[in-house]
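Structure file target.txt with compact mmCIF, C-alpha atoms and all ligand atoms:
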```
# COMPACT_ATOMS: atom_id res chain seq x y z
CA MET A 844 -46.45 -41.30 -207.65
CA LEU A 845 -47.68 -40.42 -211.12
CA VAL A 846 -49.70 -37.55 -209.71
CA LEU A 847 -46.62 -36.22 -207.91
CA MET A 848 -44.55 -36.40 -211.07
CA LYS A 849 -47.24 -34.51 -212.93
CA ILE A 850 -47.22 -31.76 -210.30
CA VAL A 851 -43.42 -31.48 -210.42
CA TYR A 852 -43.53 -31.37 -214.22
CA ARG A 853 -46.14 -28.64 -214.17
CA LYS A 854 -44.12 -26.65 -211.67
CA GLU A 855 -41.01 -26.93 -213.80
CA ARG A 856 -42.91 -26.03 -216.90
CA GLY A 857 -44.30 -23.03 -215.04
CA LYS A 858 -40.80 -21.88 -214.18
CA LYS A 859 -39.66 -21.98 -217.77
CA GLN A 860 -42.50 -19.79 -218.96
CA PRO A 861 -41.50 -16.17 -219.52
CA SER A 862 -42.60 -13.86 -216.73
CA TRP A 863 -44.46 -11.72 -219.23
CA ARG A 864 -47.36 -12.46 -221.55
CA VAL A 865 -49.38 -11.13 -224.43
CA PHE A 866 -52.53 -9.25 -223.42
CA SER A 867 -55.60 -8.96 -225.60
CA LEU A 868 -56.84 -5.50 -226.53
CA LYS A 869 -60.22 -6.42 -225.05
CA GLU A 870 -58.61 -7.18 -221.68
CA LEU A 871 -56.73 -3.85 -221.66
CA HIS A 872 -59.85 -1.92 -222.69
CA ALA A 873 -61.68 -3.51 -219.75
CA ALA A 874 -58.79 -2.82 -217.35
CA THR A 875 -58.49 0.88 -218.23
CA ASN A 876 -62.20 1.66 -218.62
CA ASN A 877 -61.67 2.05 -222.38
CA PHE A 878 -58.58 4.21 -221.88
CA ASN A 879 -60.66 6.70 -220.00
CA TYR A 880 -59.23 10.19 -219.55
CA ASP A 881 -59.66 9.80 -215.77
CA ASN A 882 -57.28 6.85 -215.87
CA LYS A 883 -54.54 8.76 -217.63
CA LEU A 884 -51.29 8.98 -215.63
CA GLY A 885 -49.50 11.18 -218.11
CA GLU A 886 -48.11 11.54 -221.57
CA GLY A 887 -44.56 11.12 -222.82
CA GLY A 888 -42.74 11.22 -226.11
CA PHE A 889 -44.26 8.01 -227.39
CA GLY A 890 -47.82 8.04 -226.17
CA SER A 891 -49.98 8.07 -223.07
CA VAL A 892 -49.84 5.97 -219.91
CA TYR A 893 -53.07 4.75 -218.26
CA TRP A 894 -53.78 3.24 -214.88
CA GLY A 895 -55.72 -0.02 -215.00
CA GLN A 896 -56.88 -2.97 -212.95
CA LEU A 897 -56.96 -6.56 -214.18
CA TRP A 898 -59.65 -9.12 -213.40
CA ASP A 899 -57.47 -10.51 -210.56
CA GLY A 900 -57.35 -7.08 -208.89
CA SER A 901 -53.74 -6.29 -209.75
CA GLN A 902 -52.94 -2.75 -210.81
CA ILE A 903 -51.18 -2.05 -214.08
CA ALA A 904 -49.83 0.89 -216.08
CA VAL A 905 -50.47 0.65 -219.81
CA LYS A 906 -48.39 2.66 -222.24
CA ARG A 907 -50.41 3.19 -225.42
CA LEU A 908 -48.05 4.10 -228.23
CA LYS A 909 -48.85 6.49 -231.06
CA VAL A 910 -48.53 3.90 -233.79
CA TRP A 911 -49.04 6.12 -236.78
CA SER A 912 -45.35 6.93 -236.89
CA ASN A 913 -42.88 4.25 -237.94
CA LYS A 914 -40.57 5.51 -235.24
CA ALA A 915 -42.98 4.55 -232.47
CA ASP A 916 -43.46 1.17 -234.06
CA MET A 917 -39.74 0.56 -233.93
CA GLU A 918 -39.44 1.82 -230.36
CA PHE A 919 -42.17 -0.63 -229.40
CA ALA A 920 -40.21 -3.59 -230.71
CA VAL A 921 -37.01 -2.31 -229.07
CA GLU A 922 -38.62 -1.71 -225.72
CA VAL A 923 -40.41 -5.04 -225.63
CA GLU A 924 -37.33 -7.01 -226.51
CA ILE A 925 -35.05 -5.26 -224.06
CA LEU A 926 -37.47 -5.13 -221.17
CA ALA A 927 -38.45 -8.75 -221.56
CA ARG A 928 -34.90 -9.89 -220.98
CA VAL A 929 -33.64 -7.40 -218.39
CA ARG A 930 -34.50 -8.12 -214.77
CA HIS A 931 -33.14 -6.22 -211.77
CA LYS A 932 -34.63 -5.04 -208.48
CA ASN A 933 -34.25 -1.40 -209.58
CA LEU A 934 -35.48 -1.72 -213.16
CA LEU A 935 -39.19 -1.62 -213.97
CA SER A 936 -39.91 -4.95 -215.58
CA LEU A 937 -42.32 -5.57 -218.36
CA ARG A 938 -45.50 -7.44 -217.55
CA GLY A 939 -46.64 -7.91 -221.09
CA TYR A 940 -47.64 -6.30 -224.31
CA CYS A 941 -50.44 -6.13 -226.83
CA ALA A 942 -50.10 -5.73 -230.58
CA GLU A 943 -53.47 -5.89 -232.30
CA GLY A 944 -54.31 -4.03 -235.49
CA GLN A 945 -52.97 -0.51 -235.19
CA GLU A 946 -52.62 -0.71 -231.41
CA ARG A 947 -49.26 -1.17 -229.68
CA LEU A 948 -49.39 -1.29 -225.90
CA ILE A 949 -46.91 -2.13 -223.17
CA VAL A 950 -48.06 -3.33 -219.77
CA TYR A 951 -46.08 -2.67 -216.56
CA ASP A 952 -46.82 -3.05 -212.89
CA TYR A 953 -48.41 0.13 -211.61
CA MET A 954 -46.05 1.99 -209.29
CA PRO A 955 -48.28 3.38 -206.52
CA ASN A 956 -45.91 6.18 -205.61
CA LEU A 957 -45.65 7.32 -209.22
CA SER A 958 -42.47 9.02 -210.37
CA LEU A 959 -39.69 10.93 -208.66
CA LEU A 960 -40.80 13.91 -210.76
CA SER A 961 -44.26 13.88 -209.18
CA HIS A 962 -42.68 14.04 -205.69
CA LEU A 963 -40.09 16.68 -206.50
CA HIS A 964 -42.09 19.05 -208.68
CA GLY A 965 -45.52 17.55 -209.39
CA GLN A 966 -48.73 16.39 -207.81
CA HIS A 967 -47.09 14.88 -204.68
CA SER A 968 -44.58 17.65 -204.03
CA ALA A 969 -46.64 19.34 -201.31
CA GLU A 970 -46.81 16.12 -199.27
CA CYS A 971 -43.05 16.05 -198.54
CA GLN A 972 -42.83 12.27 -198.54
CA LEU A 973 -39.21 12.23 -199.66
CA SER A 974 -37.31 11.98 -196.39
CA TRP A 975 -33.53 11.94 -196.63
CA SER A 976 -33.30 8.19 -196.06
CA ARG A 977 -35.74 7.63 -198.92
CA ARG A 978 -33.72 9.97 -201.13
CA ILE A 979 -30.40 8.26 -200.47
CA ASN A 980 -31.98 4.86 -201.11
CA ILE A 981 -33.49 6.14 -204.36
CA ALA A 982 -30.08 7.53 -205.37
CA ILE A 983 -28.27 4.25 -204.70
CA GLY A 984 -31.07 2.08 -206.11
CA SER A 985 -31.41 3.96 -209.38
CA ALA A 986 -27.60 4.01 -209.73
CA GLU A 987 -27.59 0.24 -209.29
CA GLY A 988 -30.31 -0.16 -211.92
CA ILE A 989 -28.39 1.89 -214.49
CA ALA A 990 -25.08 0.22 -213.54
CA TYR A 991 -26.75 -3.11 -214.27
CA LEU A 992 -27.76 -1.88 -217.75
CA HIS A 993 -24.25 -0.60 -218.46
CA HIS A 994 -22.14 -3.35 -216.99
CA HIS A 995 -24.06 -6.55 -216.41
CA SER A 996 -26.72 -6.98 -219.08
CA THR A 997 -25.67 -8.67 -222.30
CA PRO A 998 -25.22 -6.83 -224.55
CA HIS A 999 -24.73 -3.62 -222.60
CA ILE A 1000 -27.55 -1.09 -222.73
CA ILE A 1001 -27.45 2.71 -222.78
CA HIS A 1002 -30.64 4.09 -221.27
CA ARG A 1003 -30.58 7.46 -223.10
CA ASP A 1004 -33.49 8.99 -221.17
CA VAL A 1005 -32.45 9.05 -217.52
CA LYS A 1006 -34.64 11.68 -215.81
CA ALA A 1007 -36.99 12.15 -212.86
CA SER A 1008 -40.15 11.00 -214.66
CA ASN A 1009 -38.38 7.77 -215.58
CA VAL A 1010 -37.55 6.88 -211.99
CA LEU A 1011 -40.70 5.31 -210.61
CA LEU A 1012 -41.31 4.51 -206.95
CA ASP A 1013 -42.91 1.32 -205.66
CA SER A 1014 -45.03 1.05 -202.49
CA ASN A 1015 -41.84 1.14 -200.36
CA PHE A 1016 -40.31 4.04 -202.30
CA VAL A 1017 -37.80 1.70 -203.92
CA ALA A 1018 -36.56 3.17 -207.22
CA GLN A 1019 -37.57 1.42 -210.43
CA VAL A 1020 -35.85 2.89 -213.45
CA ALA A 1021 -38.28 2.86 -216.39
CA ASP A 1022 -38.40 3.43 -220.13
CA PHE A 1023 -35.94 1.63 -222.21
CA GLY A 1024 -37.64 2.76 -225.40
CA PHE A 1025 -34.72 5.08 -225.94
CA ALA A 1026 -32.15 2.44 -225.35
CA LYS A 1027 -30.26 0.74 -228.10
CA LEU A 1028 -28.17 -2.34 -227.71
CA ILE A 1029 -24.50 -1.58 -228.02
CA PRO A 1030 -22.75 -4.03 -230.32
CA ASP A 1031 -19.81 -5.68 -228.60
CA GLY A 1032 -16.58 -3.75 -229.05
CA ALA A 1033 -18.23 -0.45 -230.00
CA THR A 1034 -17.51 2.41 -227.62
CA HIS A 1035 -20.39 4.56 -228.76
CA VAL A 1036 -23.29 4.54 -231.16
CA THR A 1037 -23.90 7.63 -233.24
CA THR A 1038 -27.56 8.26 -233.65
CA ARG A 1039 -30.22 10.91 -233.75
CA VAL A 1040 -30.26 12.81 -230.48
CA LYS A 1041 -32.94 11.54 -228.15
CA GLY A 1042 -33.57 12.19 -224.52
CA THR A 1043 -34.73 15.22 -222.62
CA LEU A 1044 -32.62 18.34 -222.60
CA GLY A 1045 -31.60 19.72 -219.29
CA TYR A 1046 -30.44 16.15 -218.68
CA LEU A 1047 -28.48 15.85 -221.91
CA ALA A 1048 -24.71 15.63 -221.89
CA PRO A 1049 -23.28 18.51 -223.97
CA GLU A 1050 -21.41 16.21 -226.36
CA TYR A 1051 -24.60 14.21 -226.93
CA ALA A 1052 -26.67 17.35 -227.57
CA MET A 1053 -24.08 18.65 -230.05
CA LEU A 1054 -22.85 15.54 -231.81
CA GLY A 1055 -25.43 12.87 -231.08
CA LYS A 1056 -22.66 10.65 -229.78
CA ALA A 1057 -24.28 8.36 -227.24
CA SER A 1058 -22.33 6.35 -224.73
CA GLU A 1059 -22.66 5.19 -221.14
CA SER A 1060 -21.07 8.46 -219.99
CA CYS A 1061 -24.11 10.37 -221.37
CA ASP A 1062 -26.30 8.39 -218.96
CA VAL A 1063 -23.81 9.21 -216.20
CA TYR A 1064 -24.20 12.92 -217.00
CA SER A 1065 -28.03 12.68 -216.88
CA PHE A 1066 -27.77 10.74 -213.64
CA GLY A 1067 -25.65 13.54 -212.16
CA ILE A 1068 -28.39 16.05 -212.98
CA LEU A 1069 -30.96 13.70 -211.45
CA LEU A 1070 -28.90 13.41 -208.25
CA LEU A 1071 -28.63 17.20 -207.91
CA GLU A 1072 -32.38 17.46 -208.42
CA LEU A 1073 -33.01 14.78 -205.80
CA ALA A 1074 -30.81 16.45 -203.18
CA SER A 1075 -31.85 20.04 -203.82
CA GLY A 1076 -35.45 19.81 -205.03
CA LYS A 1077 -34.52 22.20 -207.86
CA LYS A 1078 -35.32 21.65 -211.54
CA PRO A 1079 -32.52 20.89 -214.05
CA ILE A 1080 -32.96 24.33 -215.57
CA GLU A 1081 -34.30 27.24 -213.57
CA LYS A 1082 -35.90 30.27 -215.17
CA LEU A 1083 -34.49 33.30 -213.33
CA SER A 1084 -36.29 35.85 -215.48
CA ALA A 1085 -37.89 36.09 -218.93
CA THR A 1086 -34.46 36.04 -220.54
CA GLN A 1087 -32.23 34.40 -217.97
CA LYS A 1088 -31.84 30.74 -217.19
CA ARG A 1089 -29.49 28.82 -214.96
CA THR A 1090 -28.58 25.16 -215.07
CA ILE A 1091 -28.58 23.22 -211.83
CA THR A 1092 -24.83 22.54 -212.19
CA ASP A 1093 -24.01 26.24 -212.60
CA TRP A 1094 -25.97 26.90 -209.43
CA ALA A 1095 -24.52 24.03 -207.38
CA LEU A 1096 -20.83 23.98 -208.32
CA PRO A 1097 -19.79 27.26 -206.62
CA PHE A 1098 -21.42 26.13 -203.35
CA ALA A 1099 -19.65 22.77 -203.58
CA CYS A 1100 -16.32 24.52 -204.19
CA GLU A 1101 -16.89 26.55 -201.04
CA ARG A 1102 -18.01 23.37 -199.19
CA LYS A 1103 -21.36 24.99 -198.40
CA PHE A 1104 -23.35 21.80 -198.91
CA ASP A 1105 -26.15 22.82 -196.55
CA GLU A 1106 -27.05 25.62 -199.02
CA LEU A 1107 -27.77 22.92 -201.59
CA ALA A 1108 -30.12 20.75 -199.50
CA ASP A 1109 -33.80 20.79 -200.44
CA PRO A 1110 -35.48 23.26 -198.02
CA LYS A 1111 -38.33 20.73 -197.76
CA LEU A 1112 -35.99 18.51 -195.75
CA ASN A 1113 -36.01 21.16 -193.00
CA GLY A 1114 -32.39 20.40 -192.24
CA ASP A 1115 -33.22 16.77 -191.59
CA TYR A 1116 -30.50 14.94 -193.52
CA VAL A 1117 -27.19 13.17 -192.95
CA GLU A 1118 -24.47 15.74 -193.70
CA ASP A 1119 -21.89 13.25 -194.93
CA GLU A 1120 -24.37 11.62 -197.26
CA LEU A 1121 -25.55 14.94 -198.64
CA LYS A 1122 -21.95 15.95 -199.33
CA ARG A 1123 -21.31 12.63 -201.07
CA VAL A 1124 -24.40 12.92 -203.23
CA ILE A 1125 -23.51 16.47 -204.31
CA LEU A 1126 -19.85 15.70 -205.06
CA VAL A 1127 -20.72 12.54 -207.00
CA ALA A 1128 -23.49 14.40 -208.87
CA LEU A 1129 -21.19 17.19 -209.98
CA LEU A 1130 -18.47 14.81 -211.10
CA CYS A 1131 -21.08 12.83 -213.09
CA ALA A 1132 -22.21 16.08 -214.75
CA HIS A 1133 -18.65 17.07 -215.70
CA THR A 1134 -18.58 18.73 -219.14
CA ARG A 1135 -15.71 16.46 -220.16
CA PRO A 1136 -17.02 12.90 -220.55
CA GLU A 1137 -13.65 11.29 -219.79
CA ARG A 1138 -13.70 12.87 -216.32
CA ARG A 1139 -17.03 11.31 -215.38
CA PRO A 1140 -17.07 8.16 -213.22
CA THR A 1141 -18.62 4.89 -214.41
CA MET A 1142 -21.95 3.87 -212.90
CA LEU A 1143 -20.17 1.13 -210.94
CA GLU A 1144 -17.94 3.78 -209.38
CA VAL A 1145 -21.01 5.94 -208.74
CA VAL A 1146 -22.67 3.13 -206.77
CA GLU A 1147 -19.52 2.58 -204.73
CA LEU A 1148 -19.09 6.30 -204.01
CA LEU A 1149 -22.73 6.81 -203.07
CA LYS A 1150 -22.55 3.91 -200.64
CA GLY A 1151 -19.46 5.54 -199.12
CA GLU A 1152 -17.73 2.17 -198.85
CA SER A 1153 -14.23 3.44 -199.55
CA LYS A 1154 -12.98 6.33 -197.40
CA GLU A 1155 -9.97 6.69 -199.69
CA LYS A 1156 -12.10 7.18 -202.78
CA ILE A 1157 -14.33 9.71 -201.02
CA ALA A 1158 -11.23 11.69 -199.98
CA LYS A 1159 -9.96 11.56 -203.57
CA LEU A 1160 -13.35 12.78 -204.80
CA GLU A 1161 -13.32 15.69 -202.37
CA ASN A 1162 -9.91 16.73 -203.63
CA ASP A 1163 -10.84 16.53 -207.29
CA GLU A 1164 -9.71 19.61 -209.18
CA LEU A 1165 -13.34 20.25 -210.15
CA PHE A 1166 -13.98 21.38 -206.57
CA MET A 1167 -10.79 23.37 -206.18
CA ASN A 1168 -11.69 26.36 -208.31
CA PRO A 1169 -14.08 28.65 -206.46
CA GLN A 1170 -15.00 30.41 -209.73
CA PRO A 1171 -15.89 27.56 -212.08
CA VAL A 1172 -15.20 28.63 -215.61
CA ASP A 1173 -15.74 26.53 -218.68
CA LYS A 1174 -19.49 25.96 -218.12
CA LYS A 1175 -20.81 29.29 -219.34
CA GLU A 1176 -18.23 29.72 -222.06
CA ASP A 1177 -18.70 26.23 -223.39
CA PRO A 1178 -20.74 26.59 -226.62
CA THR A 1179 -22.09 23.06 -226.26
CA THR A 1180 -23.70 23.87 -222.92
CA ALA A 1181 -25.20 27.04 -224.37
CA ALA A 1182 -26.66 25.10 -227.29
CA ALA A 1183 -28.09 22.45 -224.97
CA GLU A 1184 -29.70 25.15 -222.86
CA GLU A 1185 -31.33 26.72 -225.88
CA ILE A 1186 -32.93 23.53 -227.12
CA SER A 1187 -33.94 22.61 -223.59
CA ASP A 1188 -36.27 25.61 -223.44
CA VAL A 1189 -38.46 24.05 -226.06
CA ILE A 1190 -38.45 20.74 -224.29
CA SER A 1191 -39.21 22.10 -220.84
CA GLU A 1192 -42.10 24.16 -222.17
CA GLU A 1193 -43.51 21.10 -223.88
CA LYS A 1194 -43.07 19.16 -220.64
CA SER A 1195 -44.92 21.68 -218.51
CA SER A 1196 -48.01 21.31 -220.68
CA LYS A 1197 -47.82 17.55 -220.06
CA GLU A 1198 -47.43 18.20 -216.36
CA GLY A 1199 -50.76 20.02 -216.48
CA LEU A 1200 -52.38 16.92 -217.90
CA LYS A 1201 -50.87 14.81 -215.16
CA GLU A 1202 -52.11 17.13 -212.44
CA GLU A 1203 -55.60 16.90 -213.85
CA ALA A 1204 -55.44 13.12 -214.04
CA GLY A 1205 -54.42 12.92 -210.38
CA PRO A 1206 -57.78 13.01 -208.57
CA GLY A 1207 -59.32 10.57 -211.04
CA ILE A 1208 -56.57 8.10 -210.31
CA ALA A 1209 -56.78 8.62 -206.56
CA GLU A 1210 -60.45 7.65 -206.59
CA HIS A 1211 -59.57 4.21 -207.88
CA MET A 1212 -57.21 3.43 -205.06
N1 LIG B 1301 -45.65 1.89 -214.21
C1 LIG B 1301 -46.01 3.13 -213.92
N2 LIG B 1301 -46.59 3.42 -212.74
C2 LIG B 1301 -46.93 4.69 -212.42
N3 LIG B 1301 -46.72 5.76 -213.22
C3 LIG B 1301 -46.14 5.55 -214.41
C4 LIG B 1301 -45.75 4.23 -214.84
N4 LIG B 1301 -45.20 4.33 -216.07
C5 LIG B 1301 -45.22 5.64 -216.38
N5 LIG B 1301 -45.77 6.36 -215.41
C6 LIG B 1301 -45.94 7.83 -215.42
O1 LIG B 1301 -46.75 8.19 -216.51
C7 LIG B 1301 -46.30 9.42 -217.08
C8 LIG B 1301 -46.07 9.25 -218.58
O2 LIG B 1301 -44.98 8.37 -218.78
P1 LIG B 1301 -44.13 8.39 -220.12
O3 LIG B 1301 -43.02 7.42 -219.96
O4 LIG B 1301 -45.07 8.17 -221.26
O5 LIG B 1301 -43.58 9.87 -220.21
P2 LIG B 1301 -42.31 10.57 -219.58
O6 LIG B 1301 -41.65 9.62 -218.62
O7 LIG B 1301 -42.72 11.89 -219.04
O8 LIG B 1301 -41.40 10.82 -220.84
P3 LIG B 1301 -40.63 9.75 -221.78
O9 LIG B 1301 -41.55 9.46 -222.91
O10 LIG B 1301 -39.42 10.48 -222.19
O11 LIG B 1301 -40.35 8.55 -220.92
C9 LIG B 1301 -45.03 9.81 -216.34
O12 LIG B 1301 -45.34 10.75 -215.36
C10 LIG B 1301 -44.60 8.53 -215.69
O13 LIG B 1301 -43.86 8.77 -214.52
MG MG B 1302 -41.20 7.71 -219.09
```
Could you take the file, read its structure, and then write that structure out as structure tokens?
Ligand SMILES: Nc1ncnc2c1ncn2[C@@H]1O[C@H](COP(=O)(O)OP(=O)(O)OP(=O)(O)O)[C@@H](O)[C@H]1O
Ligand SMILES: [Mg+2]
Amino acid sequence: MLVLMKIVYRKERGKKQPSWRVFSLKELHAATNNFNYDNKLGEGGFGSVYWGQLWDGSQIAVKRLKVWSNKADMEFAVEVEILARVRHKNLLSLRGYCAEGQERLIVYDYMPNLSLLSHLHGQHSAECQLSWSRRINIAIGSAEGIAYLHHHSTPHIIHRDVKASNVLLDSNFVAQVADFGFAKLIPDGATHVTTRVKGTLGYLAPEYAMLGKASESCDVYSFGILLLELASGKKPIEKLSATQKRTITDWALPFACERKFDELADPKLNGDYVEDELKRVILVALLCAHTRPERRPTMLEVVELLKGESKEKIAKLENDELFMNPQPVDKKEDPTTAAAEEISDVISEEKSSKEGLKEEAGPGIAEHM
């Protein structure tokens, strides 16, 4: 009897323990082969991410922050606190962290199918593993993850860095939205938080790029760009020539107005997609990326629309005035969009050098698997 009680007590105690823990630097050095270059998965704004394996065989991704800037130090605390408390099937949860001496590291589960970016434009793009059914599930799943941040977590969270490299894919290609380092908790009652502009341009809402006014609708805008990218396989900003660039919305909107959705489908799909779903994804994407924030849907509405649960709402979406004008206007003339495009050049060039690193890290990682 006593033994049984002890077991029950242990089990209960086990349940109460947080599902994350503190790692020692020694353990993470051992797991990543001393942060070996071959283990490097890539590099982002706050440091490098390394593949690793723990003593029990489980695979991890370790984000090693550049701690010499105060900013990174603060982001570390923010990310750890937020990630530790937020749990959802489509949000990448934190496995632990390490803070020893100058080192600040965050430990996540390793996502074997890497990021959406790697499948759309990076090291996995030639393999064409993104079938339409995977894409629609990724679209709905990542929308659900962000909707959870906006509407169900307490307090509400703005992601601020929704983009293809921050949508990771697990072994079943289920979307796991990552990187809450950019997120800030919204105090109750506040509609937006004014702050320094963060995030990656190309995905940035014009009002955020210009005024640094962050709100949930900025995430909705970025999500719209991500959806267009997912359906079409195109990058958020396309270089047409040395001097000419085109945003993905400027390219897609005229086709949507003419109801030529098939022109927008990723050629890698070889026509193998569900027409109705493609149309829904494109229409929702373009409404999300509306230049006027008040016209964008909420993430809860996005989830509902993507799932196609309400025929009425889909019909209303199709008849939105955004899709009625065959010659969309305000985009090019809008100074905010122009400014966002200009800054985004710098960012995308910086990104492509990181992409190079990632490509090189690829084979090294593959050998471990
Ligand atoms: N848990 C993980 N499993 C697999 N790959 C990961 C994991 N976490 C990050 N990565 C990949 O490692 C690379 C670097 O990630 P990191 O978050 O540092 O940069 P980023 O996503 O490009 O930019 P940002 O700093 O804005 O998030 C990215 O390609 C990312 O997709
Ligand atoms: Mg990231």
request  = Kindly compile the residues surrounding ligand MG 1302 (chain B) within 6 Å, counting all atoms listed in the file, and format them as a ChimeraX atom specification.
outcome  = /A:1008-1009,1022
request  = Could you please extract the residues within 6 Å of ligand LIG 1301 (chain B), counting all atoms listed in the file, and hand them back as a PyMOL selection string?
outcome  = chain A and resi 884-892+904+951-954+957-958+1008-1009+1022
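When only C-alpha atoms are used to measure the gap to Thr1092 in chain A, the shortest distance among A:Leu1149, A:Ile1068, A:Leu908, A:Leu868 belongs to A:Ile1068.
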request  = Report the distance between CA of Leu871 in chain A and CA of Leu935 in chain A in Å, rounded to one decimal place.
outcome  = 19.3 Å
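Proximity of A:Tyr1116, A:Phe1166, A:Tyr1051, A:Tyr1064 to Cys1100 in chain A, computed with all atoms listed in the file, is greatest for A:Phe1166.
When all atoms listed in the file are used to measure the gap to Leu959 in chain A, the shortest distance among A:Val1005, A:Gly939, A:Asn882, A:Leu992 belongs to A:Val1005.
In terms of minimum interatomic distance to Met1167 in chain A, A:Arg1102 ranks closest within A:His999, A:Arg978, A:Arg1102, A:Lys1006, counting only C-alpha atoms.
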query = Taking into account only C-alpha atoms, which residue in the set A:Val1063, A:Ser1075, A:Leu1112, A:Ile1125 is nearest to Arg1138 in chain A?
reply = A:Val1063
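Of the listed residues (A:Leu1054, A:Cys941, A:Ala1158, A:Ala1085), A:Cys941 comes nearest to His872 in chain A; the distances count all atoms listed in the file.
In this structure, CA of Val1127 in chain A sits 27.0 Å away from CA of Gln1087 in chain A.
CA of Gly1151 in chain A sits 24.3 Å away from CA of Lys1111 in chain A.
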message = The residues within 8 Å of (-30.9, 20.0, -205.9), using only C-alpha atoms and the coordinates of the file, should be reported as a ChimeraX atom specification; which are they?
response = /A:1070-1078,1091,1095,1107-1109
The centre and edge lengths of an axis-aligned box containing all atoms of range 967-974 of chain A present in the file, extended by 8 Å on each side, are to be given in Å to one decimal, as JSON.
```
{"center_x": -42.2, "center_y": 15.7, "center_z": -200.5, "size_x": 25.8, "size_y": 23.4, "size_z": 24.3}
```
request  = Select all residues near (-42.1, -1.3, -204.7) (cut-off 10 Å, inclusive, file coordinates), counting all atoms listed in the file, and output them as a ChimeraX atom specification.
outcome  = /A:932-933,935,952-956,1011-1019
ask   = range 894-898 of chain A: which residues within 6 Å, counting all atoms listed in the file, same-chain residues fewer than 3 positions away excluded, as a count of residues only?
value = 7
message = When you look at Val929 in chain A with a cut-off of 12 Å (counting only C-alpha atoms), what residues show up, excluding the ones that are within fewer than 2 positions of it in the same chain? I need them as a PyMOL selection string.
response = chain A and resi 861-863+922-927+931-938+988-989+991-993+995-1000+1020-1023+1028
May I ask you to restore N, CA and C atoms in range 928-942 of chain A and write the result as a PDB file, in the frame of the given file?
```pdb
ATOM      1  N   ARG A 928     -36.052  -9.099-221.432  1.00  0.00           N
ATOM      2  CA  ARG A 928     -34.900  -9.890-220.980  1.00  0.00           C
ATOM      3  C   ARG A 928     -34.161  -9.293-219.779  1.00  0.00           C
ATOM      4  N   VAL A 929     -34.381  -8.019-219.499  1.00  0.00           N
ATOM      5  CA  VAL A 929     -33.640  -7.400-218.390  1.00  0.00           C
ATOM      6  C   VAL A 929     -34.432  -7.456-217.093  1.00  0.00           C
ATOM      7  N   ARG A 930     -33.827  -8.043-216.078  1.00  0.00           N
ATOM      8  CA  ARG A 930     -34.500  -8.120-214.770  1.00  0.00           C
ATOM      9  C   ARG A 930     -33.538  -7.677-213.686  1.00  0.00           C
ATOM     10  N   HIS A 931     -33.966  -6.697-212.884  1.00  0.00           N
ATOM     11  CA  HIS A 931     -33.140  -6.220-211.770  1.00  0.00           C
ATOM     12  C   HIS A 931     -34.074  -5.548-210.784  1.00  0.00           C
ATOM     13  N   LYS A 932     -33.720  -5.581-209.508  1.00  0.00           N
ATOM     14  CA  LYS A 932     -34.630  -5.040-208.480  1.00  0.00           C
ATOM     15  C   LYS A 932     -34.907  -3.553-208.667  1.00  0.00           C
ATOM     16  N   ASN A 933     -34.039  -2.833-209.378  1.00  0.00           N
ATOM     17  CA  ASN A 933     -34.250  -1.400-209.580  1.00  0.00           C
ATOM     18  C   ASN A 933     -34.588  -1.029-211.027  1.00  0.00           C
ATOM     19  N   LEU A 934     -35.039  -2.014-211.790  1.00  0.00           N
ATOM     20  CA  LEU A 934     -35.480  -1.720-213.160  1.00  0.00           C
ATOM     21  C   LEU A 934     -36.928  -2.163-213.295  1.00  0.00           C
ATOM     22  N   LEU A 935     -37.765  -1.293-213.830  1.00  0.00           N
ATOM     23  CA  LEU A 935     -39.190  -1.620-213.970  1.00  0.00           C
ATOM     24  C   LEU A 935     -39.352  -2.704-215.023  1.00  0.00           C
ATOM     25  N   SER A 936     -39.835  -3.869-214.588  1.00  0.00           N
ATOM     26  CA  SER A 936     -39.910  -4.950-215.580  1.00  0.00           C
ATOM     27  C   SER A 936     -41.252  -4.946-216.299  1.00  0.00           C
ATOM     28  N   LEU A 937     -41.180  -5.512-217.458  1.00  0.00           N
ATOM     29  CA  LEU A 937     -42.320  -5.570-218.360  1.00  0.00           C
ATOM     30  C   LEU A 937     -43.256  -6.698-217.932  1.00  0.00           C
ATOM     31  N   ARG A 938     -44.538  -6.403-217.920  1.00  0.00           N
ATOM     32  CA  ARG A 938     -45.500  -7.440-217.550  1.00  0.00           C
ATOM     33  C   ARG A 938     -46.116  -8.091-218.779  1.00  0.00           C
ATOM     34  N   GLY A 939     -46.117  -7.341-219.855  1.00  0.00           N
ATOM     35  CA  GLY A 939     -46.640  -7.910-221.090  1.00  0.00           C
ATOM     36  C   GLY A 939     -46.841  -6.848-222.140  1.00  0.00           C
ATOM     37  N   TYR A 940     -47.383  -7.278-223.253  1.00  0.00           N
ATOM     38  CA  TYR A 940     -47.640  -6.300-224.310  1.00  0.00           C
ATOM     39  C   TYR A 940     -48.857  -6.725-225.116  1.00  0.00           C
ATOM     40  N   CYS A 941     -49.324  -5.830-225.953  1.00  0.00           N
ATOM     41  CA  CYS A 941     -50.440  -6.130-226.830  1.00  0.00           C
ATOM     42  C   CYS A 941     -50.146  -5.500-228.183  1.00  0.00           C
ATOM     43  N   ALA A 942     -50.273  -6.261-229.216  1.00  0.00           N
ATOM     44  CA  ALA A 942     -50.100  -5.730-230.580  1.00  0.00           C
ATOM     45  C   ALA A 942     -51.245  -6.267-231.416  1.00  0.00           C
TER      46      ALA A 942
END
```
